[in-house]
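Undergrad: So that you have it, the file is entry-v3.txt, and it contains compact mmCIF, C-alpha atoms:
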# COMPACT_ATOMS: atom_id res chain seq x y z
CA MET A 8 -41.22 -8.58 -84.10
CA THR A 9 -39.98 -8.44 -87.70
CA PRO A 10 -40.94 -11.17 -90.22
CA THR A 11 -37.40 -12.54 -90.00
CA GLU A 12 -37.51 -12.69 -86.21
CA ARG A 13 -40.95 -14.27 -86.31
CA ALA A 14 -39.72 -16.92 -88.74
CA THR A 15 -36.72 -17.61 -86.49
CA GLN A 16 -38.99 -17.95 -83.47
CA GLU A 17 -41.36 -20.30 -85.28
CA ALA A 18 -38.45 -22.42 -86.49
CA LEU A 19 -37.12 -22.68 -82.94
CA GLU A 20 -40.52 -23.70 -81.58
CA ALA A 21 -41.03 -26.27 -84.35
CA ALA A 22 -37.60 -27.81 -83.70
CA LEU A 23 -38.24 -27.86 -79.94
CA ASP A 24 -41.65 -29.46 -80.50
CA GLU A 25 -39.99 -32.28 -82.43
CA VAL A 26 -37.40 -32.87 -79.70
CA ALA A 27 -40.03 -32.68 -76.93
CA ASP A 28 -42.21 -35.24 -78.70
CA GLU A 29 -39.26 -37.61 -78.70
CA LEU A 30 -38.12 -36.99 -75.13
CA TYR A 31 -41.51 -37.14 -73.40
CA ALA A 32 -42.28 -40.46 -75.09
CA LEU A 33 -39.28 -42.03 -73.32
CA PRO A 34 -39.36 -43.77 -69.93
CA PRO A 35 -38.37 -41.33 -67.15
CA GLU A 36 -35.03 -43.05 -66.51
CA ASP A 37 -33.97 -42.47 -70.14
CA PHE A 38 -35.01 -38.83 -70.27
CA THR A 39 -31.93 -37.08 -68.85
CA ALA A 40 -29.38 -38.91 -71.01
CA ALA A 41 -31.49 -38.42 -74.14
CA ARG A 42 -31.92 -34.71 -73.39
CA ALA A 43 -28.16 -34.29 -72.93
CA ALA A 44 -27.58 -36.03 -76.27
CA ARG A 45 -30.00 -33.70 -78.05
CA VAL A 46 -28.40 -30.64 -76.42
CA LYS A 47 -25.00 -31.84 -77.63
CA ALA A 48 -26.33 -32.45 -81.13
CA ALA A 49 -27.89 -28.98 -81.31
CA ARG A 50 -24.63 -27.39 -80.18
CA ALA A 51 -22.67 -29.37 -82.76
CA ALA A 52 -25.11 -28.13 -85.42
CA GLY A 53 -24.45 -24.55 -84.33
CA ASP A 54 -28.00 -24.00 -83.03
CA ARG A 55 -27.23 -22.50 -79.63
CA ALA A 56 -30.77 -21.23 -79.02
CA LEU A 57 -32.21 -24.71 -79.56
CA ALA A 58 -29.54 -26.29 -77.35
CA THR A 59 -30.40 -23.90 -74.52
CA ALA A 60 -34.13 -24.48 -74.97
CA ILE A 61 -33.72 -28.27 -74.91
CA GLY A 62 -31.62 -28.00 -71.76
CA THR A 63 -34.54 -26.37 -69.92
CA LEU A 64 -36.97 -29.25 -70.59
CA ARG A 65 -37.81 -30.88 -67.26
CA ARG A 66 -37.77 -34.61 -66.62
CA PRO A 67 -41.35 -35.79 -66.06
CA THR A 68 -42.45 -37.35 -62.80
CA THR A 69 -43.61 -40.95 -62.99
CA GLY A 70 -47.25 -39.86 -62.72
CA ALA A 71 -46.83 -37.32 -65.53
CA TRP A 72 -45.09 -39.93 -67.71
CA VAL A 73 -47.96 -42.38 -67.20
CA VAL A 74 -50.48 -39.74 -68.34
CA ASN A 75 -48.23 -38.82 -71.28
CA THR A 76 -48.16 -42.48 -72.29
CA LEU A 77 -51.95 -42.61 -72.04
CA ALA A 78 -52.22 -39.50 -74.23
CA ARG A 79 -50.08 -41.13 -76.91
CA GLU A 80 -51.46 -44.67 -76.75
CA ARG A 81 -55.11 -43.99 -75.90
CA ALA A 82 -55.73 -40.60 -77.50
CA ASP A 83 -59.30 -41.56 -78.45
CA ARG A 84 -60.16 -42.57 -74.87
CA LEU A 85 -58.66 -39.37 -73.49
CA ALA A 86 -60.68 -37.40 -76.05
CA GLU A 87 -63.84 -39.07 -74.68
CA LEU A 88 -62.90 -37.83 -71.21
CA LEU A 89 -62.41 -34.27 -72.45
CA ASP A 90 -65.71 -34.38 -74.35
CA LEU A 91 -67.40 -35.48 -71.13
CA GLY A 92 -65.79 -32.52 -69.37
CA GLU A 93 -67.34 -30.15 -71.93
CA GLN A 94 -70.75 -31.72 -71.34
CA LEU A 95 -70.35 -31.35 -67.57
CA ARG A 96 -69.41 -27.69 -67.84
CA ALA A 97 -72.36 -27.06 -70.14
CA ALA A 98 -74.74 -28.82 -67.73
CA GLN A 99 -73.37 -26.77 -64.82
CA GLU A 100 -74.03 -23.57 -66.73
CA ARG A 101 -77.60 -24.67 -67.45
CA LEU A 102 -78.05 -25.91 -63.84
CA VAL A 103 -79.61 -29.16 -65.02
CA GLY A 104 -79.56 -31.31 -61.88
CA ALA A 105 -80.57 -34.67 -63.38
CA GLU A 106 -78.08 -34.36 -66.22
CA LEU A 107 -75.35 -33.29 -63.82
CA ARG A 108 -75.91 -36.37 -61.65
CA ARG A 109 -75.83 -38.65 -64.69
CA LEU A 110 -72.68 -37.05 -66.08
CA SER A 111 -70.98 -37.04 -62.67
CA GLU A 112 -71.55 -40.77 -62.34
CA GLN A 113 -70.23 -41.25 -65.86
CA ARG A 114 -67.21 -39.10 -64.97
CA ARG A 115 -66.30 -41.36 -62.05
CA GLU A 116 -66.56 -44.44 -64.25
CA VAL A 117 -64.50 -42.95 -67.09
CA VAL A 118 -61.76 -41.60 -64.79
CA ALA A 119 -61.51 -44.93 -62.96
CA GLY A 120 -61.39 -46.83 -66.25
CA LEU A 121 -58.73 -44.56 -67.75
CA THR A 122 -56.65 -44.78 -64.57
CA ARG A 123 -56.69 -48.58 -64.86
CA GLU A 124 -55.78 -48.39 -68.57
CA ALA A 125 -52.91 -46.01 -67.82
CA ALA A 126 -51.62 -48.37 -65.11
CA GLU A 127 -51.76 -51.29 -67.55
CA LEU A 128 -49.84 -49.33 -70.18
CA ALA A 129 -47.15 -48.35 -67.66
CA THR A 130 -46.89 -51.91 -66.30
CA ALA A 131 -46.45 -53.25 -69.83
CA ARG A 132 -43.46 -50.90 -70.13
CA GLY A 133 -41.88 -52.13 -66.92
CA HIS A 134 -43.22 -49.44 -64.57
CA ARG A 135 -46.04 -50.75 -62.42
CA PRO A 136 -47.47 -47.62 -60.74
CA SER A 137 -47.50 -47.42 -56.97
CA ASP A 138 -50.68 -46.36 -55.19
CA ALA A 139 -49.27 -42.83 -54.90
CA VAL A 140 -48.59 -42.65 -58.65
CA ALA A 141 -52.04 -44.05 -59.42
CA ARG A 142 -53.57 -41.26 -57.32
CA GLU A 143 -51.52 -38.69 -59.26
CA VAL A 144 -52.85 -40.10 -62.53
CA GLU A 145 -56.42 -39.97 -61.21
CA THR A 146 -56.10 -36.37 -59.96
CA THR A 147 -54.57 -35.34 -63.30
CA LEU A 148 -57.45 -36.89 -65.23
CA ASP A 149 -59.94 -35.17 -62.91
CA ALA A 150 -58.19 -31.86 -63.53
CA ALA A 151 -58.18 -32.45 -67.29
CA LEU A 152 -61.90 -33.14 -67.17
CA ALA A 153 -62.69 -30.08 -65.03
CA ASP A 154 -60.59 -27.46 -66.86
CA GLU A 155 -60.27 -26.99 -70.62
CA ALA A 156 -56.68 -25.74 -70.47
CA ALA A 157 -55.68 -28.65 -68.23
CA GLY A 158 -57.33 -30.99 -70.71
CA ALA A 159 -55.24 -29.57 -73.55
CA ALA A 160 -52.13 -29.93 -71.37
CA ALA A 161 -52.86 -33.59 -70.64
CA ARG A 162 -53.65 -34.23 -74.29
CA SER A 163 -50.28 -32.76 -75.39
CA GLY A 164 -48.36 -35.73 -73.98
CA ARG A 165 -45.77 -33.34 -72.51
CA LEU A 166 -46.69 -33.07 -68.86
CA THR A 167 -43.76 -32.67 -66.51
CA THR A 168 -45.74 -33.13 -63.29
CA ALA A 169 -49.19 -34.20 -62.16
CA LEU A 170 -52.14 -31.80 -62.23
CA ALA A 171 -54.68 -31.14 -59.49
CA TYR A 172 -58.04 -29.37 -59.46
CA ALA A 173 -58.93 -27.47 -56.29
CA GLY A 174 -62.68 -27.48 -57.03
CA MET A 175 -62.89 -23.90 -58.25
CA GLY A 176 -60.98 -21.62 -60.61
CA PRO A 177 -58.52 -22.74 -63.28
CA VAL A 178 -55.98 -25.51 -62.78
CA ASP A 179 -52.47 -24.26 -62.00
CA LEU A 180 -50.34 -25.20 -65.02
CA GLU A 181 -47.23 -23.25 -64.01
CA GLY A 182 -44.25 -25.46 -64.83
CA ALA A 183 -46.51 -28.47 -65.42
CA VAL A 184 -46.17 -28.59 -69.22
CA ALA A 185 -43.07 -28.51 -71.40
CA THR A 186 -43.47 -25.51 -73.71
CA PRO A 187 -41.02 -23.83 -76.09
CA PRO A 188 -39.21 -21.12 -74.08
CA ARG A 189 -39.07 -17.75 -75.82
CA ALA A 190 -36.46 -16.07 -73.63
CA PRO A 191 -33.33 -17.04 -75.64
CA VAL A 192 -34.73 -15.59 -78.86
CA GLU A 193 -36.04 -12.44 -77.18
CA ARG A 194 -32.72 -11.77 -75.47
CA ALA A 195 -30.83 -12.18 -78.74
CA ARG A 196 -33.23 -9.74 -80.41
CA THR A 197 -33.15 -7.00 -77.78
CA ARG A 198 -29.51 -7.14 -76.68
CA PRO A 199 -27.22 -4.86 -78.77
CA THR A 200 -23.86 -6.42 -79.58
CA ALA A 201 -20.53 -4.75 -79.04
CA ALA A 202 -20.09 -4.70 -82.82
CA ALA A 203 -23.36 -2.81 -83.24
CA LYS A 204 -22.28 -0.27 -80.63
CA ALA A 205 -18.94 0.13 -82.34
CA GLY A 206 -20.68 0.54 -85.67
CA ALA A 207 -22.99 3.17 -84.23
CA SER A 208 -20.06 5.07 -82.80
CA ALA A 209 -18.24 4.88 -86.08
CA GLY A 210 -21.31 6.07 -87.95
CA SER A 211 -21.56 9.14 -85.73
CA ALA A 212 -18.18 10.45 -86.87
CA PRO A 213 -18.34 13.38 -89.30
CA LYS A 214 -18.39 12.22 -92.90
CA GLY A 215 -15.46 12.91 -95.11
CA THR A 216 -12.98 13.49 -92.26
CA GLY A 217 -11.44 9.98 -92.00
CA SER A 218 -8.86 8.42 -94.28
CA ASP A 219 -9.02 4.86 -95.62
CA GLU A 220 -6.57 3.83 -92.91
CA ARG A 221 -8.83 5.14 -90.15
CA ARG A 222 -11.87 3.47 -91.65
CA GLU A 223 -9.96 0.18 -91.82
CA ARG A 224 -8.91 0.59 -88.21
CA ARG A 225 -12.52 1.17 -87.15
CA ARG A 226 -13.55 -1.90 -89.11
CA GLN A 227 -10.90 -4.00 -87.36
CA VAL A 228 -11.97 -2.67 -83.96
CA ALA A 229 -15.60 -3.49 -84.77
CA GLU A 230 -14.71 -7.01 -85.90
CA GLU A 231 -12.67 -7.62 -82.76
CA ALA A 232 -15.57 -6.36 -80.64
CA GLU A 233 -17.96 -8.63 -82.52
CA ARG A 234 -15.71 -11.64 -82.04
CA ALA A 235 -15.42 -10.85 -78.33
CA ALA A 236 -19.20 -10.47 -78.06
CA ARG A 237 -19.83 -13.76 -79.88
CA SER A 238 -17.30 -15.52 -77.67
CA ALA A 239 -18.98 -14.09 -74.57
CA LEU A 240 -22.36 -15.16 -75.93
CA ASP A 241 -21.08 -18.69 -76.53
CA ASP A 242 -19.72 -18.86 -72.99
CA ALA A 243 -22.96 -17.51 -71.53
CA GLU A 244 -25.17 -19.90 -73.48
CA ARG A 245 -22.92 -22.85 -72.64
CA ALA A 246 -23.07 -21.92 -68.97
CA ALA A 247 -26.86 -21.49 -69.19
CA ALA A 248 -27.22 -24.94 -70.74
CA GLU A 249 -24.99 -26.50 -68.07
CA HIS A 250 -26.99 -24.80 -65.31
CA ALA A 251 -30.20 -25.98 -66.97
CA GLU A 252 -28.88 -29.53 -66.86
CA SER A 253 -28.01 -29.07 -63.19
CA VAL A 254 -31.52 -27.77 -62.50
CA ALA A 255 -33.03 -30.70 -64.38
CA ALA A 256 -30.91 -33.18 -62.41
CA ALA A 257 -31.92 -31.51 -59.13
CA GLU A 258 -35.57 -31.58 -60.16
CA GLU A 259 -35.20 -35.26 -61.01
CA ARG A 260 -33.84 -35.98 -57.54
CA HIS A 261 -36.59 -33.86 -56.01
CA SER A 262 -39.25 -35.70 -57.97
CA ALA A 263 -37.87 -39.07 -56.94
CA ALA A 264 -37.71 -37.91 -53.33
CA LYS A 265 -41.35 -36.74 -53.46
CA GLU A 266 -42.47 -40.10 -54.82
CA ARG A 267 -40.44 -41.92 -52.17
CA LEU A 268 -41.90 -39.65 -49.47
CA ALA A 269 -45.43 -40.38 -50.68
CA GLU A 270 -44.74 -44.11 -50.52
CA LEU A 271 -43.20 -43.82 -47.05
CA GLN A 272 -46.14 -41.75 -45.83
CA GLN A 273 -48.48 -44.43 -47.10
CA ARG A 274 -46.44 -47.13 -45.36
CA LEU A 275 -46.35 -45.01 -42.19
CA ALA A 276 -50.13 -44.67 -42.25
CA ALA A 277 -50.45 -48.45 -42.68
CA ALA A 278 -47.97 -49.02 -39.83
CA ARG A 279 -49.94 -46.68 -37.58
CA ASP A 280 -53.14 -48.55 -38.36
CA GLU A 281 -51.36 -51.83 -37.60
CA GLU A 282 -49.96 -50.44 -34.34
CA ALA A 283 -53.40 -49.20 -33.29
CA SER A 284 -54.88 -52.62 -34.06
CA ALA A 285 -52.09 -54.36 -32.12
CA ALA A 286 -52.57 -52.00 -29.17
CA GLN A 287 -56.27 -52.84 -29.14
CA ALA A 288 -55.42 -56.54 -29.22
CA VAL A 289 -53.07 -56.04 -26.26
CA ARG A 290 -55.81 -54.29 -24.26
CA VAL A 291 -58.28 -57.09 -25.04
CA ALA A 292 -55.73 -59.78 -24.12
CA ARG A 293 -54.84 -58.03 -20.86
CA HIS A 294 -58.51 -57.76 -19.91
CA ALA A 295 -59.03 -61.43 -20.71
CA ALA A 296 -55.95 -62.31 -18.63
CA GLU A 297 -57.26 -60.28 -15.69
CA VAL A 298 -60.64 -62.01 -15.92
CA ALA A 299 -58.91 -65.38 -16.08
CA ASP A 300 -56.74 -64.51 -13.04
CA ARG A 301 -59.81 -63.52 -11.04
CA SER A 302 -61.57 -66.75 -12.07
CA ALA A 303 -58.51 -68.77 -11.08
CA ASP A 304 -58.36 -67.04 -7.68
CA ALA A 305 -62.03 -67.75 -7.07
CA ALA A 306 -61.61 -71.41 -8.12
CA ARG A 307 -58.56 -71.70 -5.87
CA ARG A 308 -60.52 -70.40 -2.88
CA ARG A 309 -63.38 -72.79 -3.59
CA ALA A 310 -60.94 -75.67 -3.85
CA GLU A 311 -59.33 -74.74 -0.52
CA LYS A 312 -62.73 -74.55 1.17
CA ALA A 313 -63.72 -77.92 -0.29
CA GLY A 314 -60.44 -79.42 0.89
CA ALA A 315 -61.01 -78.08 4.37
CA ALA A 316 -64.51 -79.52 4.41
CA VAL A 317 -63.25 -82.95 3.34
CA ALA A 318 -60.55 -82.86 6.00
CA ALA A 319 -63.10 -82.03 8.68
CA LEU A 320 -65.21 -85.02 7.77
CA ARG A 321 -62.35 -87.54 7.89
CA PRO A 322 -62.22 -89.69 11.10
CA ASP A 323 -59.37 -89.00 13.47
CA ASP A 324 -56.46 -91.45 13.17
CA GLY A 325 -56.66 -92.29 16.87
CA GLY A 326 -60.38 -93.17 16.78
Spell out the structure here as structure tokens.
TA:
Amino acid sequence: MTPTERATQEALEAALDEVADELYALPPEDFTAARAARVKAARAAGDRALATAIGTLRRPTTGAWVVNTLARERADRLAELLDLGEQLRAAQERLVGAELRRLSEQRREVVAGLTREAAELATARGHRPSDAVAREVETTLDAALADEAAGAAARSGRLTTALAYAGMGPVDLEGAVATPPRAPVERARTRPTAAAKAGASAGSAPKGTGSDERRERRRQVAEEAERAARSALDDAERAAAEHAESVAAAEERHSAAKERLAELQQRLAAARDEEASAAQAVRVARHAAEVADRSADAARRRAEKAGAAVAALRPDDGG
């Protein structure tokens, strides 16, 4: 990469960082419209690479947004969690059992406390987390504590989805953090334009054999090819940005559906527990009813016997 290309890449990443900081601080419902506005502004400014890059930024899930809010509003508390993670990893390497137990207990307390703080921050902004979202926040904080890279991701305030730690190995961060995409710049650097090809062909002609008219014609052909290439590039980048918006909208619907599914699964589990409890109550009531029926039958027989005995002792009417 040449110094000029490196400077262009760094400028793109810096501009995207600024936009991402703004977008991921917004409530999830405001993200898509704000992203579209920034894409439009970048296009109007003639920065097609930035417009395309902004269009690829994914709307965060509710759980990711809650953690992002925590990272912005309680950075010092999140730093304490990450420091505790470093201590835990160091203790595990030294195999210090007593210290590990103490730090593990502290970990549970810190994660629980931060989860409550995150819920309070979200509630204050009009988004009271559901139980499913609260679990996502807790698993993300556990992952941030367990893995250094996951900790840096949570601390960035740009999570797009919740994190999870499987208990071994690194945390999977694929697609979980909004990062400046490099593809648009790399494609522009490696793809030869039609004008460049035309120029190369023109440069291969023997020197001194063309007249001024022929050179002017070649120049016009090259300019036309360049204009056609730029027009095609504009169309391609516009289509890429539109597709990116479509992907983001689909991901938004998918995220909302996942959250709704989690809530419905929780309600289904509660309904199953309630049904099982009701079924048990029915079995108990039926058993009690059967016992009561048998008692009533026995009492009825005793009453009939007693009635017969009384009738036998009565004097005859004719006596």
Undergrad: Tell me, in Å to one decimal, how far CA of Arg81 (chain A) is from CA of Leu19 (chain A).
TA: 28.8 Å
Undergrad: Please compute the CA of Pro34 (chain A)-CA of Glu259 (chain A) distance, one decimal, in Å.
TA: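 Computing it gives 13.0 Å between the two atoms.
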Undergrad: What's around Ala141 (chain A) at 8 Å? Count only C-alpha atoms, leave out sequence neighbours fewer than 5 positions away in its own chain, and write the answer as a list in words.
TA: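 Here the answer would be Gly70, Thr122, Ala126 and Pro136 of chain A.
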Undergrad: I'd like the contact shell of Ile61 (chain A) - 8 Å cut-off, only C-alpha atoms, skipping same-chain residues fewer than 4 positions apart - returned as a ChimeraX atom specification.
TA: /A:23,26-27,42,45-46,57
Undergrad: What's around Ala58 (chain A) at 8 Å? Count all atoms listed in the file, leave out sequence neighbours fewer than 4 positions away in its own chain, and write the answer as a count of residues only.
TA: 9
Undergrad: Expressed in Å to a single decimal, how great is the separation between CA of Leu170 (chain A) and CA of Gly104 (chain A)?
TA: 27.4 Å
Undergrad: Residues near region 151-159 of chain A, anyone? I mean within 12 Å using all atoms listed in the file, not counting same-chain ones fewer than 5 positions away, as a PDB file with C-alpha atoms, in the frame of the given file.
TA:
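This is the output file around10.pdb:
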ATOM      1  CA  VAL A  74     -50.480 -39.740 -68.340  1.00  0.00           C
ATOM      2  CA  ASN A  75     -48.230 -38.820 -71.280  1.00  0.00           C
ATOM      3  CA  ALA A  78     -52.220 -39.500 -74.230  1.00  0.00           C
ATOM      4  CA  ALA A  82     -55.730 -40.600 -77.500  1.00  0.00           C
ATOM      5  CA  LEU A  85     -58.660 -39.370 -73.490  1.00  0.00           C
ATOM      6  CA  ALA A  86     -60.680 -37.400 -76.050  1.00  0.00           C
ATOM      7  CA  GLU A  87     -63.840 -39.070 -74.680  1.00  0.00           C
ATOM      8  CA  LEU A  88     -62.900 -37.830 -71.210  1.00  0.00           C
ATOM      9  CA  LEU A  89     -62.410 -34.270 -72.450  1.00  0.00           C
ATOM     10  CA  ASP A  90     -65.710 -34.380 -74.350  1.00  0.00           C
ATOM     11  CA  LEU A  91     -67.400 -35.480 -71.130  1.00  0.00           C
ATOM     12  CA  GLY A  92     -65.790 -32.520 -69.370  1.00  0.00           C
ATOM     13  CA  GLU A  93     -67.340 -30.150 -71.930  1.00  0.00           C
ATOM     14  CA  GLN A  94     -70.750 -31.720 -71.340  1.00  0.00           C
ATOM     15  CA  LEU A  95     -70.350 -31.350 -67.570  1.00  0.00           C
ATOM     16  CA  ARG A  96     -69.410 -27.690 -67.840  1.00  0.00           C
ATOM     17  CA  ALA A  97     -72.360 -27.060 -70.140  1.00  0.00           C
ATOM     18  CA  GLN A  99     -73.370 -26.770 -64.820  1.00  0.00           C
ATOM     19  CA  LEU A 110     -72.680 -37.050 -66.080  1.00  0.00           C
ATOM     20  CA  SER A 111     -70.980 -37.040 -62.670  1.00  0.00           C
ATOM     21  CA  GLN A 113     -70.230 -41.250 -65.860  1.00  0.00           C
ATOM     22  CA  ARG A 114     -67.210 -39.100 -64.970  1.00  0.00           C
ATOM     23  CA  ARG A 115     -66.300 -41.360 -62.050  1.00  0.00           C
ATOM     24  CA  VAL A 117     -64.500 -42.950 -67.090  1.00  0.00           C
ATOM     25  CA  VAL A 118     -61.760 -41.600 -64.790  1.00  0.00           C
ATOM     26  CA  LEU A 121     -58.730 -44.560 -67.750  1.00  0.00           C
ATOM     27  CA  VAL A 144     -52.850 -40.100 -62.530  1.00  0.00           C
ATOM     28  CA  GLU A 145     -56.420 -39.970 -61.210  1.00  0.00           C
ATOM     29  CA  THR A 146     -56.100 -36.370 -59.960  1.00  0.00           C
ATOM     30  CA  GLY A 164     -48.360 -35.730 -73.980  1.00  0.00           C
ATOM     31  CA  ARG A 165     -45.770 -33.340 -72.510  1.00  0.00           C
ATOM     32  CA  LEU A 166     -46.690 -33.070 -68.860  1.00  0.00           C
ATOM     33  CA  THR A 168     -45.740 -33.130 -63.290  1.00  0.00           C
ATOM     34  CA  ALA A 169     -49.190 -34.200 -62.160  1.00  0.00           C
ATOM     35  CA  LEU A 170     -52.140 -31.800 -62.230  1.00  0.00           C
ATOM     36  CA  ALA A 171     -54.680 -31.140 -59.490  1.00  0.00           C
ATOM     37  CA  TYR A 172     -58.040 -29.370 -59.460  1.00  0.00           C
ATOM     38  CA  ALA A 173     -58.930 -27.470 -56.290  1.00  0.00           C
ATOM     39  CA  GLY A 174     -62.680 -27.480 -57.030  1.00  0.00           C
ATOM     40  CA  MET A 175     -62.890 -23.900 -58.250  1.00  0.00           C
ATOM     41  CA  GLY A 176     -60.980 -21.620 -60.610  1.00  0.00           C
ATOM     42  CA  PRO A 177     -58.520 -22.740 -63.280  1.00  0.00           C
ATOM     43  CA  VAL A 178     -55.980 -25.510 -62.780  1.00  0.00           C
ATOM     44  CA  ASP A 179     -52.470 -24.260 -62.000  1.00  0.00           C
ATOM     45  CA  LEU A 180     -50.340 -25.200 -65.020  1.00  0.00           C
ATOM     46  CA  GLU A 181     -47.230 -23.250 -64.010  1.00  0.00           C
ATOM     47  CA  ALA A 183     -46.510 -28.470 -65.420  1.00  0.00           C
ATOM     48  CA  VAL A 184     -46.170 -28.590 -69.220  1.00  0.00           C
TER      49      VAL A 184
END
Undergrad: For Gln273 (chain A), find every residue with an atom within 12 Å (counting all atoms listed in the file), except residues of its own chain fewer than 3 positions away, and show them as a PDB file with C-alpha atoms, keeping the file's coordinate frame.
TA:
ATOM      1  CA  SER A 137     -47.500 -47.420 -56.970  1.00  0.00           C
ATOM      2  CA  ASP A 138     -50.680 -46.360 -55.190  1.00  0.00           C
ATOM      3  CA  ALA A 139     -49.270 -42.830 -54.900  1.00  0.00           C
ATOM      4  CA  VAL A 140     -48.590 -42.650 -58.650  1.00  0.00           C
ATOM      5  CA  ARG A 142     -53.570 -41.260 -57.320  1.00  0.00           C
ATOM      6  CA  GLU A 266     -42.470 -40.100 -54.820  1.00  0.00           C
ATOM      7  CA  ARG A 267     -40.440 -41.920 -52.170  1.00  0.00           C
ATOM      8  CA  LEU A 268     -41.900 -39.650 -49.470  1.00  0.00           C
ATOM      9  CA  ALA A 269     -45.430 -40.380 -50.680  1.00  0.00           C
ATOM     10  CA  GLU A 270     -44.740 -44.110 -50.520  1.00  0.00           C
ATOM     11  CA  ALA A 276     -50.130 -44.670 -42.250  1.00  0.00           C
ATOM     12  CA  ALA A 277     -50.450 -48.450 -42.680  1.00  0.00           C
ATOM     13  CA  ALA A 278     -47.970 -49.020 -39.830  1.00  0.00           C
ATOM     14  CA  ARG A 279     -49.940 -46.680 -37.580  1.00  0.00           C
ATOM     15  CA  ASP A 280     -53.140 -48.550 -38.360  1.00  0.00           C
TER      16      ASP A 280
END
Undergrad: Using the structure block above, produce a file of region 8-52 of chain A that contains C-alpha atoms, as a compact mmCIF listing (two decimals), in the first residue's frame.
TA:
# COMPACT_ATOMS: atom_id res chain seq x y z
CA MET A 8 0.00 0.00 0.00
CA THR A 9 1.44 3.37 -1.03
CA PRO A 10 1.56 6.30 1.44
CA THR A 11 -1.30 7.95 -0.45
CA GLU A 12 -3.44 4.82 -0.29
CA ARG A 13 -2.61 4.37 3.38
CA ALA A 14 -3.63 7.96 4.10
CA THR A 15 -6.89 7.44 2.19
CA GLN A 16 -7.60 4.27 4.15
CA GLU A 17 -6.89 5.96 7.48
CA ALA A 18 -9.11 8.90 6.55
CA LEU A 19 -11.94 6.51 5.67
CA GLU A 20 -11.59 4.62 8.95
CA ALA A 21 -11.45 7.85 10.97
CA ALA A 22 -14.61 9.18 9.26
CA LEU A 23 -16.38 5.85 9.77
CA ASP A 24 -15.34 5.80 13.44
CA GLU A 25 -16.97 9.19 13.92
CA VAL A 26 -20.21 8.09 12.27
CA ALA A 27 -20.25 4.78 14.18
CA ASP A 28 -19.79 6.58 17.49
CA GLU A 29 -22.87 8.63 16.68
CA LEU A 30 -25.04 5.79 15.39
CA TYR A 31 -24.34 3.23 18.11
CA ALA A 32 -25.15 5.78 20.80
CA LEU A 33 -28.72 6.04 19.45
CA PRO A 34 -31.68 3.93 20.58
CA PRO A 35 -32.15 0.92 18.27
CA GLU A 36 -35.36 2.30 16.74
CA ASP A 37 -33.53 5.44 15.58
CA PHE A 38 -30.55 3.63 14.10
CA THR A 39 -31.80 2.78 10.60
CA ALA A 40 -33.12 6.25 9.77
CA ALA A 41 -29.97 7.91 11.12
CA ARG A 42 -27.75 5.54 9.13
CA ALA A 43 -29.69 6.30 5.93
CA ALA A 44 -29.28 10.03 6.58
CA ARG A 45 -25.52 9.66 7.01
CA VAL A 46 -25.26 7.56 3.84
CA LYS A 47 -27.14 10.27 1.95
CA ALA A 48 -24.91 12.99 3.39
CA ALA A 49 -21.74 11.10 2.43
CA ARG A 50 -23.03 10.62 -1.11
CA ALA A 51 -23.90 14.31 -1.38
CA ALA A 52 -20.36 15.13 -0.25
